[in-house]
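*Asks:* A single structure is presented below for examination.
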Amino acid sequence: MLNKLLKDYNIVLGSNSPRRKQYLTDLGFSFTVRASDIDESYPEELVREQITDYIAKAKADAIELQHDNEIIITSDTTVWNNHTSLGKPENRDEAYTMLKSLCGHEHEVISSVCLKSKDRVSVFHCITKVSFSDLSDEALYFYIDQYKPYDKAGAYGIQEWIGLVGIDRIDGSYTNIVGLPTKELVEELLKFIKK
Ligand SMILES: Cc1cn([C@H]2C[C@H](O)[C@@H](COP(=O)(O)OP(=O)(O)OP(=O)(O)O)O2)c(=O)[nH]c1=O
């Protein structure tokens with residue numbers, strides 16, 4: 001159904017994330033992948049969704065449009081906790097510090113998505129609240145050592161073991177936590193091609 005609506009466009013996913021690829025596939029899109037590998041730094045005055053909006057757009061800007069009918073989709077996800085943005089942990093200690101800082105309270109997961117065509121750019125974001133339970137150090141180290149969450153913002157994947165045992169509740173989109181707010185993406189894409 002979505003392919004029919006988008007028949008005049010070539011969708012290009014600008015991402016190396018297997019989860020984003022899977023979600024686009026599950027949505028039923030035909031698409032190609034053309035990812036960039038940018039430096040994900042951002043101006044230090046930015047906060048919350050300003051950070052992910054900025055990086056999602058930078059990811060799109062780093063990808064060249066090859067045809068007039070292409071729409072490039074890029075996304076960026078961060079964990080916003082205690083006024084701090086948690087990206088991907090660089091090592092075991094950093095992963096532990098991040099997870100420990102999430103335990104026992106609520107944080108926000110923010111994903112921004114950038115849609116870019118020959119003549120337009122649109123960025124939107126989606127925020128989900130996630131409450132972590134107070135996990136033991138043993139559980140945190142078990143998760144880090146078994147799952148090596150070094151490719152995940154905030155050092156966790158809700159779709160993994162820690163999501164099964166350590167999350168009290170979420171408020172908002174689940175797919176947004178995993179890196180791509182699918183319902184919002186479809187809505188925004190349909191608006192984007194109507195303009
Ligand atoms: C919080 C959380 C994040 N994540 C993932 C989503 C993102 O892929 C990743 C954050 O890194 P991103 O920089 O958003 O994306 P990426 O490097 O994986 O892919 P690309 O830039 O090529 O598009 O963390 C989960 O899979 N589960 C979770 O519960």
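Chain labels run A, B, ... following the order of the structure tokens; each chain numbers its residues from 1, and ligands are numbered from 1 in the order shown.
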Enumerate residues in contact with ligand 1: an atom-to-atom distance of at most 9 Å, counting only C-alpha atoms and all ligand atoms. Format the result as a PDB file with N, CA, C and O atoms, in the first residue's frame.
*Replies:*
ATOM      1  N   LEU A  13      17.396   4.920   2.281  1.00  0.00           N
ATOM      2  CA  LEU A  13      17.638   4.945   3.725  1.00  0.00           C
ATOM      3  C   LEU A  13      19.115   5.264   3.957  1.00  0.00           C
ATOM      4  O   LEU A  13      19.996   4.515   3.541  1.00  0.00           O
ATOM      5  N   GLY A  14      19.355   6.382   4.626  1.00  0.00           N
ATOM      6  CA  GLY A  14      20.734   6.792   4.893  1.00  0.00           C
ATOM      7  C   GLY A  14      21.166   6.309   6.267  1.00  0.00           C
ATOM      8  O   GLY A  14      21.359   7.115   7.173  1.00  0.00           O
ATOM      9  N   SER A  15      21.289   5.016   6.422  1.00  0.00           N
ATOM     10  CA  SER A  15      21.584   4.465   7.753  1.00  0.00           C
ATOM     11  C   SER A  15      22.286   3.117   7.655  1.00  0.00           C
ATOM     12  O   SER A  15      21.988   2.314   6.761  1.00  0.00           O
ATOM     13  N   ASN A  16      23.185   2.884   8.605  1.00  0.00           N
ATOM     14  CA  ASN A  16      23.818   1.560   8.725  1.00  0.00           C
ATOM     15  C   ASN A  16      23.118   0.698   9.767  1.00  0.00           C
ATOM     16  O   ASN A  16      23.572  -0.410  10.047  1.00  0.00           O
ATOM     17  N   SER A  17      22.069   1.226  10.376  1.00  0.00           N
ATOM     18  CA  SER A  17      21.429   0.505  11.476  1.00  0.00           C
ATOM     19  C   SER A  17      20.558  -0.641  10.959  1.00  0.00           C
ATOM     20  O   SER A  17      19.617  -0.420  10.191  1.00  0.00           O
ATOM     21  N   PRO A  18      20.846  -1.874  11.405  1.00  0.00           N
ATOM     22  CA  PRO A  18      20.017  -3.004  10.965  1.00  0.00           C
ATOM     23  C   PRO A  18      18.573  -2.857  11.423  1.00  0.00           C
ATOM     24  O   PRO A  18      17.647  -3.313  10.754  1.00  0.00           O
ATOM     25  N   ARG A  19      18.368  -2.154  12.576  1.00  0.00           N
ATOM     26  CA  ARG A  19      16.987  -1.994  13.081  1.00  0.00           C
ATOM     27  C   ARG A  19      16.188  -1.062  12.189  1.00  0.00           C
ATOM     28  O   ARG A  19      15.012  -1.293  11.907  1.00  0.00           O
ATOM     29  N   ARG A  20      16.823   0.007  11.735  1.00  0.00           N
ATOM     30  CA  ARG A  20      16.096   0.930  10.835  1.00  0.00           C
ATOM     31  C   ARG A  20      15.773   0.227   9.515  1.00  0.00           C
ATOM     32  O   ARG A  20      14.679   0.399   8.966  1.00  0.00           O
ATOM     33  N   ALA A  35      24.347   4.823   3.078  1.00  0.00           N
ATOM     34  CA  ALA A  35      24.655   5.410   4.383  1.00  0.00           C
ATOM     35  C   ALA A  35      25.919   6.252   4.336  1.00  0.00           C
ATOM     36  O   ALA A  35      26.791   6.039   3.506  1.00  0.00           O
ATOM     37  N   SER A  36      25.993   7.197   5.248  1.00  0.00           N
ATOM     38  CA  SER A  36      27.226   7.983   5.403  1.00  0.00           C
ATOM     39  C   SER A  36      27.764   7.669   6.794  1.00  0.00           C
ATOM     40  O   SER A  36      27.043   7.154   7.637  1.00  0.00           O
ATOM     41  N   ASP A  37      29.007   7.994   7.007  1.00  0.00           N
ATOM     42  CA  ASP A  37      29.559   7.780   8.343  1.00  0.00           C
ATOM     43  C   ASP A  37      30.085   9.100   8.850  1.00  0.00           C
ATOM     44  O   ASP A  37      31.266   9.386   8.729  1.00  0.00           O
ATOM     45  N   ILE A  38      29.208   9.920   9.404  1.00  0.00           N
ATOM     46  CA  ILE A  38      29.664  11.262   9.792  1.00  0.00           C
ATOM     47  C   ILE A  38      30.139  11.270  11.243  1.00  0.00           C
ATOM     48  O   ILE A  38      29.801  10.403  12.037  1.00  0.00           O
ATOM     49  N   GLU A  40      29.530  12.452  14.673  1.00  0.00           N
ATOM     50  CA  GLU A  40      28.236  12.837  15.249  1.00  0.00           C
ATOM     51  C   GLU A  40      28.370  13.908  16.341  1.00  0.00           C
ATOM     52  O   GLU A  40      27.592  13.948  17.285  1.00  0.00           O
ATOM     53  N   THR A  52      19.358  15.780  18.397  1.00  0.00           N
ATOM     54  CA  THR A  52      19.041  14.734  17.408  1.00  0.00           C
ATOM     55  C   THR A  52      18.570  15.351  16.081  1.00  0.00           C
ATOM     56  O   THR A  52      18.865  14.816  15.016  1.00  0.00           O
ATOM     57  N   ILE A  55      21.791  16.285  14.279  1.00  0.00           N
ATOM     58  CA  ILE A  55      22.579  15.157  13.745  1.00  0.00           C
ATOM     59  C   ILE A  55      21.821  14.443  12.620  1.00  0.00           C
ATOM     60  O   ILE A  55      22.425  14.041  11.617  1.00  0.00           O
ATOM     61  N   ALA A  56      20.499  14.308  12.769  1.00  0.00           N
ATOM     62  CA  ALA A  56      19.727  13.656  11.689  1.00  0.00           C
ATOM     63  C   ALA A  56      19.887  14.445  10.392  1.00  0.00           C
ATOM     64  O   ALA A  56      20.064  13.869   9.307  1.00  0.00           O
ATOM     65  N   LYS A  59      23.368  13.957   8.958  1.00  0.00           N
ATOM     66  CA  LYS A  59      23.481  12.654   8.277  1.00  0.00           C
ATOM     67  C   LYS A  59      22.902  12.759   6.862  1.00  0.00           C
ATOM     68  O   LYS A  59      23.462  12.225   5.907  1.00  0.00           O
ATOM     69  N   THR A  74      17.013   9.822   7.046  1.00  0.00           N
ATOM     70  CA  THR A  74      18.050   9.561   8.058  1.00  0.00           C
ATOM     71  C   THR A  74      17.431   9.759   9.442  1.00  0.00           C
ATOM     72  O   THR A  74      16.391  10.413   9.585  1.00  0.00           O
ATOM     73  N   SER A  75      18.090   9.210  10.444  1.00  0.00           N
ATOM     74  CA  SER A  75      17.537   9.322  11.792  1.00  0.00           C
ATOM     75  C   SER A  75      18.668   9.353  12.817  1.00  0.00           C
ATOM     76  O   SER A  75      19.765   8.862  12.559  1.00  0.00           O
ATOM     77  N   ASP A  76      18.378   9.940  13.957  1.00  0.00           N
ATOM     78  CA  ASP A  76      19.343   9.894  15.061  1.00  0.00           C
ATOM     79  C   ASP A  76      18.591   9.740  16.379  1.00  0.00           C
ATOM     80  O   ASP A  76      17.556  10.368  16.589  1.00  0.00           O
ATOM     81  N   THR A  77      19.129   8.890  17.252  1.00  0.00           N
ATOM     82  CA  THR A  77      18.470   8.585  18.532  1.00  0.00           C
ATOM     83  C   THR A  77      19.413   8.907  19.687  1.00  0.00           C
ATOM     84  O   THR A  77      20.596   8.561  19.639  1.00  0.00           O
ATOM     85  N   THR A  78      18.865   9.541  20.720  1.00  0.00           N
ATOM     86  CA  THR A  78      19.649   9.728  21.940  1.00  0.00           C
ATOM     87  C   THR A  78      18.791   9.429  23.168  1.00  0.00           C
ATOM     88  O   THR A  78      17.562   9.397  23.093  1.00  0.00           O
ATOM     89  N   VAL A  79      19.480   9.200  24.279  1.00  0.00           N
ATOM     90  CA  VAL A  79      18.806   9.018  25.565  1.00  0.00           C
ATOM     91  C   VAL A  79      19.072  10.288  26.366  1.00  0.00           C
ATOM     92  O   VAL A  79      20.226  10.663  26.589  1.00  0.00           O
ATOM     93  N   GLY A  87      24.911   9.101  24.426  1.00  0.00           N
ATOM     94  CA  GLY A  87      25.064   8.464  23.112  1.00  0.00           C
ATOM     95  C   GLY A  87      25.498   7.017  23.293  1.00  0.00           C
ATOM     96  O   GLY A  87      25.086   6.343  24.241  1.00  0.00           O
ATOM     97  N   LYS A  88      26.379   6.556  22.391  1.00  0.00           N
ATOM     98  CA  LYS A  88      26.845   5.167  22.491  1.00  0.00           C
ATOM     99  C   LYS A  88      28.037   5.088  23.447  1.00  0.00           C
ATOM    100  O   LYS A  88      28.952   5.908  23.353  1.00  0.00           O
ATOM    101  N   VAL A 109      13.702   8.919  25.548  1.00  0.00           N
ATOM    102  CA  VAL A 109      14.433   8.532  24.339  1.00  0.00           C
ATOM    103  C   VAL A 109      13.893   9.404  23.201  1.00  0.00           C
ATOM    104  O   VAL A 109      12.674   9.486  22.983  1.00  0.00           O
ATOM    105  N   ILE A 110      14.807  10.060  22.526  1.00  0.00           N
ATOM    106  CA  ILE A 110      14.420  10.998  21.471  1.00  0.00           C
ATOM    107  C   ILE A 110      15.012  10.529  20.150  1.00  0.00           C
ATOM    108  O   ILE A 110      16.226  10.314  20.052  1.00  0.00           O
ATOM    109  N   SER A 111      14.158  10.353  19.145  1.00  0.00           N
ATOM    110  CA  SER A 111      14.644  10.078  17.789  1.00  0.00           C
ATOM    111  C   SER A 111      14.173  11.203  16.886  1.00  0.00           C
ATOM    112  O   SER A 111      13.002  11.584  16.908  1.00  0.00           O
ATOM    113  N   SER A 112      15.100  11.735  16.102  1.00  0.00           N
ATOM    114  CA  SER A 112      14.743  12.708  15.058  1.00  0.00           C
ATOM    115  C   SER A 112      14.916  12.039  13.712  1.00  0.00           C
ATOM    116  O   SER A 112      15.822  11.212  13.534  1.00  0.00           O
ATOM    117  N   PRO A 149      26.336  -3.633  24.366  1.00  0.00           N
ATOM    118  CA  PRO A 149      25.465  -2.610  23.764  1.00  0.00           C
ATOM    119  C   PRO A 149      26.206  -1.341  23.320  1.00  0.00           C
ATOM    120  O   PRO A 149      25.748  -0.228  23.571  1.00  0.00           O
ATOM    121  N   TYR A 150      27.366  -1.547  22.656  1.00  0.00           N
ATOM    122  CA  TYR A 150      28.209  -0.407  22.297  1.00  0.00           C
ATOM    123  C   TYR A 150      27.711   0.332  21.053  1.00  0.00           C
ATOM    124  O   TYR A 150      28.231   1.373  20.697  1.00  0.00           O
ATOM    125  N   ASP A 151      26.697  -0.245  20.395  1.00  0.00           N
ATOM    126  CA  ASP A 151      26.122   0.422  19.219  1.00  0.00           C
ATOM    127  C   ASP A 151      24.766   1.045  19.558  1.00  0.00           C
ATOM    128  O   ASP A 151      24.007   1.391  18.662  1.00  0.00           O
ATOM    129  N   LYS A 152      24.484   1.189  20.857  1.00  0.00           N
ATOM    130  CA  LYS A 152      23.155   1.667  21.236  1.00  0.00           C
ATOM    131  C   LYS A 152      23.239   2.878  22.166  1.00  0.00           C
ATOM    132  O   LYS A 152      24.022   2.887  23.122  1.00  0.00           O
ATOM    133  N   ALA A 153      22.406   3.865  21.880  1.00  0.00           N
ATOM    134  CA  ALA A 153      22.358   5.064  22.714  1.00  0.00           C
ATOM    135  C   ALA A 153      21.955   4.669  24.135  1.00  0.00           C
ATOM    136  O   ALA A 153      21.041   3.852  24.325  1.00  0.00           O
ATOM    137  N   GLY A 154      22.648   5.236  25.121  1.00  0.00           N
ATOM    138  CA  GLY A 154      22.308   4.959  26.515  1.00  0.00           C
ATOM    139  C   GLY A 154      22.747   3.589  26.973  1.00  0.00           C
ATOM    140  O   GLY A 154      22.427   3.171  28.083  1.00  0.00           O
ATOM    141  N   ALA A 155      23.455   2.842  26.125  1.00  0.00           N
ATOM    142  CA  ALA A 155      24.000   1.513  26.454  1.00  0.00           C
ATOM    143  C   ALA A 155      22.932   0.438  26.644  1.00  0.00           C
ATOM    144  O   ALA A 155      23.180  -0.539  27.337  1.00  0.00           O
ATOM    145  N   TYR A 156      21.743   0.651  26.053  1.00  0.00           N
ATOM    146  CA  TYR A 156      20.775  -0.443  26.159  1.00  0.00           C
ATOM    147  C   TYR A 156      19.919  -0.549  24.907  1.00  0.00           C
ATOM    148  O   TYR A 156      19.741   0.403  24.160  1.00  0.00           O
ATOM    149  N   GLY A 157      19.421  -1.772  24.700  1.00  0.00           N
ATOM    150  CA  GLY A 157      18.444  -2.029  23.652  1.00  0.00           C
ATOM    151  C   GLY A 157      17.192  -2.555  24.330  1.00  0.00           C
ATOM    152  O   GLY A 157      17.243  -3.616  24.974  1.00  0.00           O
ATOM    153  N   ILE A 158      16.097  -1.831  24.212  1.00  0.00           N
ATOM    154  CA  ILE A 158      14.858  -2.263  24.865  1.00  0.00           C
ATOM    155  C   ILE A 158      14.401  -3.607  24.301  1.00  0.00           C
ATOM    156  O   ILE A 158      13.706  -4.377  24.961  1.00  0.00           O
ATOM    157  N   GLN A 159      14.845  -3.902  23.074  1.00  0.00           N
ATOM    158  CA  GLN A 159      14.454  -5.147  22.399  1.00  0.00           C
ATOM    159  C   GLN A 159      15.265  -6.349  22.882  1.00  0.00           C
ATOM    160  O   GLN A 159      15.061  -7.466  22.419  1.00  0.00           O
ATOM    161  N   GLU A 160      16.211  -6.108  23.808  1.00  0.00           N
ATOM    162  CA  GLU A 160      17.073  -7.188  24.300  1.00  0.00           C
ATOM    163  C   GLU A 160      16.681  -7.596  25.737  1.00  0.00           C
ATOM    164  O   GLU A 160      15.704  -7.096  26.280  1.00  0.00           O
ATOM    165  N   GLY A 163      15.501  -5.151  28.301  1.00  0.00           N
ATOM    166  CA  GLY A 163      14.145  -4.640  28.083  1.00  0.00           C
ATOM    167  C   GLY A 163      13.087  -5.588  28.636  1.00  0.00           C
ATOM    168  O   GLY A 163      11.991  -5.158  29.015  1.00  0.00           O
ATOM    169  N   TYR A 174       7.088   2.700  20.943  1.00  0.00           N
ATOM    170  CA  TYR A 174       8.137   1.693  21.173  1.00  0.00           C
ATOM    171  C   TYR A 174       9.186   1.750  20.059  1.00  0.00           C
ATOM    172  O   TYR A 174      10.399   1.725  20.318  1.00  0.00           O
ATOM    173  N   THR A 175       8.730   1.839  18.810  1.00  0.00           N
ATOM    174  CA  THR A 175       9.707   1.799  17.695  1.00  0.00           C
ATOM    175  C   THR A 175      10.634   3.012  17.736  1.00  0.00           C
ATOM    176  O   THR A 175      11.774   2.952  17.282  1.00  0.00           O
ATOM    177  N   ASN A 176      10.138   4.116  18.307  1.00  0.00           N
ATOM    178  CA  ASN A 176      10.978   5.304  18.487  1.00  0.00           C
ATOM    179  C   ASN A 176      12.193   4.990  19.361  1.00  0.00           C
ATOM    180  O   ASN A 176      13.299   5.477  19.116  1.00  0.00           O
ATOM    181  N   ILE A 177      11.991   4.151  20.391  1.00  0.00           N
ATOM    182  CA  ILE A 177      13.107   3.790  21.288  1.00  0.00           C
ATOM    183  C   ILE A 177      14.138   2.973  20.503  1.00  0.00           C
ATOM    184  O   ILE A 177      15.344   3.148  20.658  1.00  0.00           O
ATOM    185  N   VAL A 178      13.644   2.109  19.620  1.00  0.00           N
ATOM    186  CA  VAL A 178      14.542   1.231  18.856  1.00  0.00           C
ATOM    187  C   VAL A 178      15.216   2.000  17.700  1.00  0.00           C
ATOM    188  O   VAL A 178      16.095   1.479  17.025  1.00  0.00           O
ATOM    189  N   GLY A 179      14.814   3.253  17.486  1.00  0.00           N
ATOM    190  CA  GLY A 179      15.556   4.091  16.545  1.00  0.00           C
ATOM    191  C   GLY A 179      14.791   4.656  15.370  1.00  0.00           C
ATOM    192  O   GLY A 179      15.349   5.445  14.603  1.00  0.00           O
ATOM    193  N   LEU A 180      13.510   4.278  15.212  1.00  0.00           N
ATOM    194  CA  LEU A 180      12.752   4.839  14.088  1.00  0.00           C
ATOM    195  C   LEU A 180      11.257   4.865  14.446  1.00  0.00           C
ATOM    196  O   LEU A 180      10.623   3.813  14.541  1.00  0.00           O
TER     197      LEU A 180
END
*Asks:* Lys183 of chain A: which residues within 12 Å, counting only C-alpha atoms, same-chain residues fewer than 2 positions away excluded, as a list in words?
*Replies:*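 Near Lys183 of chain A, the qualifying residues are Tyr23, Leu24, Asp26, Leu27, His125, Cys126, Gly172, Ser173, Tyr174, Thr175, Asn176, Leu180, Pro181, Leu185, Val186, Glu187, Glu188, Leu189 and Leu190 of chain A.
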*Asks:* Can you list, as a ChimeraX atom specification, all residues belonging to chain A that DSSP tags as strand (DSSP E or B)?
*Replies:* /A:10-13,31-33,70-81,84-86,106-116,121-132,167-171
*Asks:* Run DSSP on the backbone and give me the residues of segment 4-192 of chain A it puts in alpha helix (DSSP H), as number ranges by chain.
*Replies:* A: 4-5, 18-27, 48-61, 92-102, 137-147, 161-165, 174-178, 182-192
*Asks:* For Tyr141 of chain A, find every residue with an atom within 10 Å (counting only C-alpha atoms), except residues of its own chain fewer than 6 positions away, and show them as a PyMOL selection string.
*Replies:* chain A and resi 92-93+95-96+99+147-148
*Asks:* As an exercise, work out the distance from atom CA of Phe29 of chain A to atom CA of Thr182 of chain A in Å and give it to one decimal place.
*Replies:*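 It comes out at 11.6 Å.
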*Asks:* Measuring atom to atom with only C-alpha atoms, identify which of A:Asp137, A:Glu70, A:Glu44, A:Asp168 is nearest to Thr84 of chain A.
*Replies:* A:Glu44
*Asks:* I'd like the interatomic distance between atom CA of Glu108 of chain A and atom CA of Arg120 of chain A, to a tenth of an Å.
*Replies:* 29.0 Å
*Asks:* Pick the closest to Val12 of chain A from A:Asn91, A:Lys116, A:Ala62, A:Trp80: which is it, counting only C-alpha atoms?
*Replies:*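 That would be A:Lys116, the residue with the smallest distance to Val12 of chain A.
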*Asks:* Between A:Asp145, A:Glu184, A:Glu49, A:Asp134, which residue has the minimum interatomic distance to His105 of chain A, considering only C-alpha atoms?
*Replies:* A:Asp134
*Asks:* If I take atom CA of Ser133 of chain A and atom CA of Ile170 of chain A, how far is one from the other in Å, to one decimal?
*Replies:*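 The value is 11.6 Å.
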*Asks:* Could you check the closest approach to Arg48 of chain A for each of A:Leu102, A:Leu6, A:Leu86, A:Ile167 and tell me which residue wins, using only C-alpha atoms?
*Replies:* A:Leu86
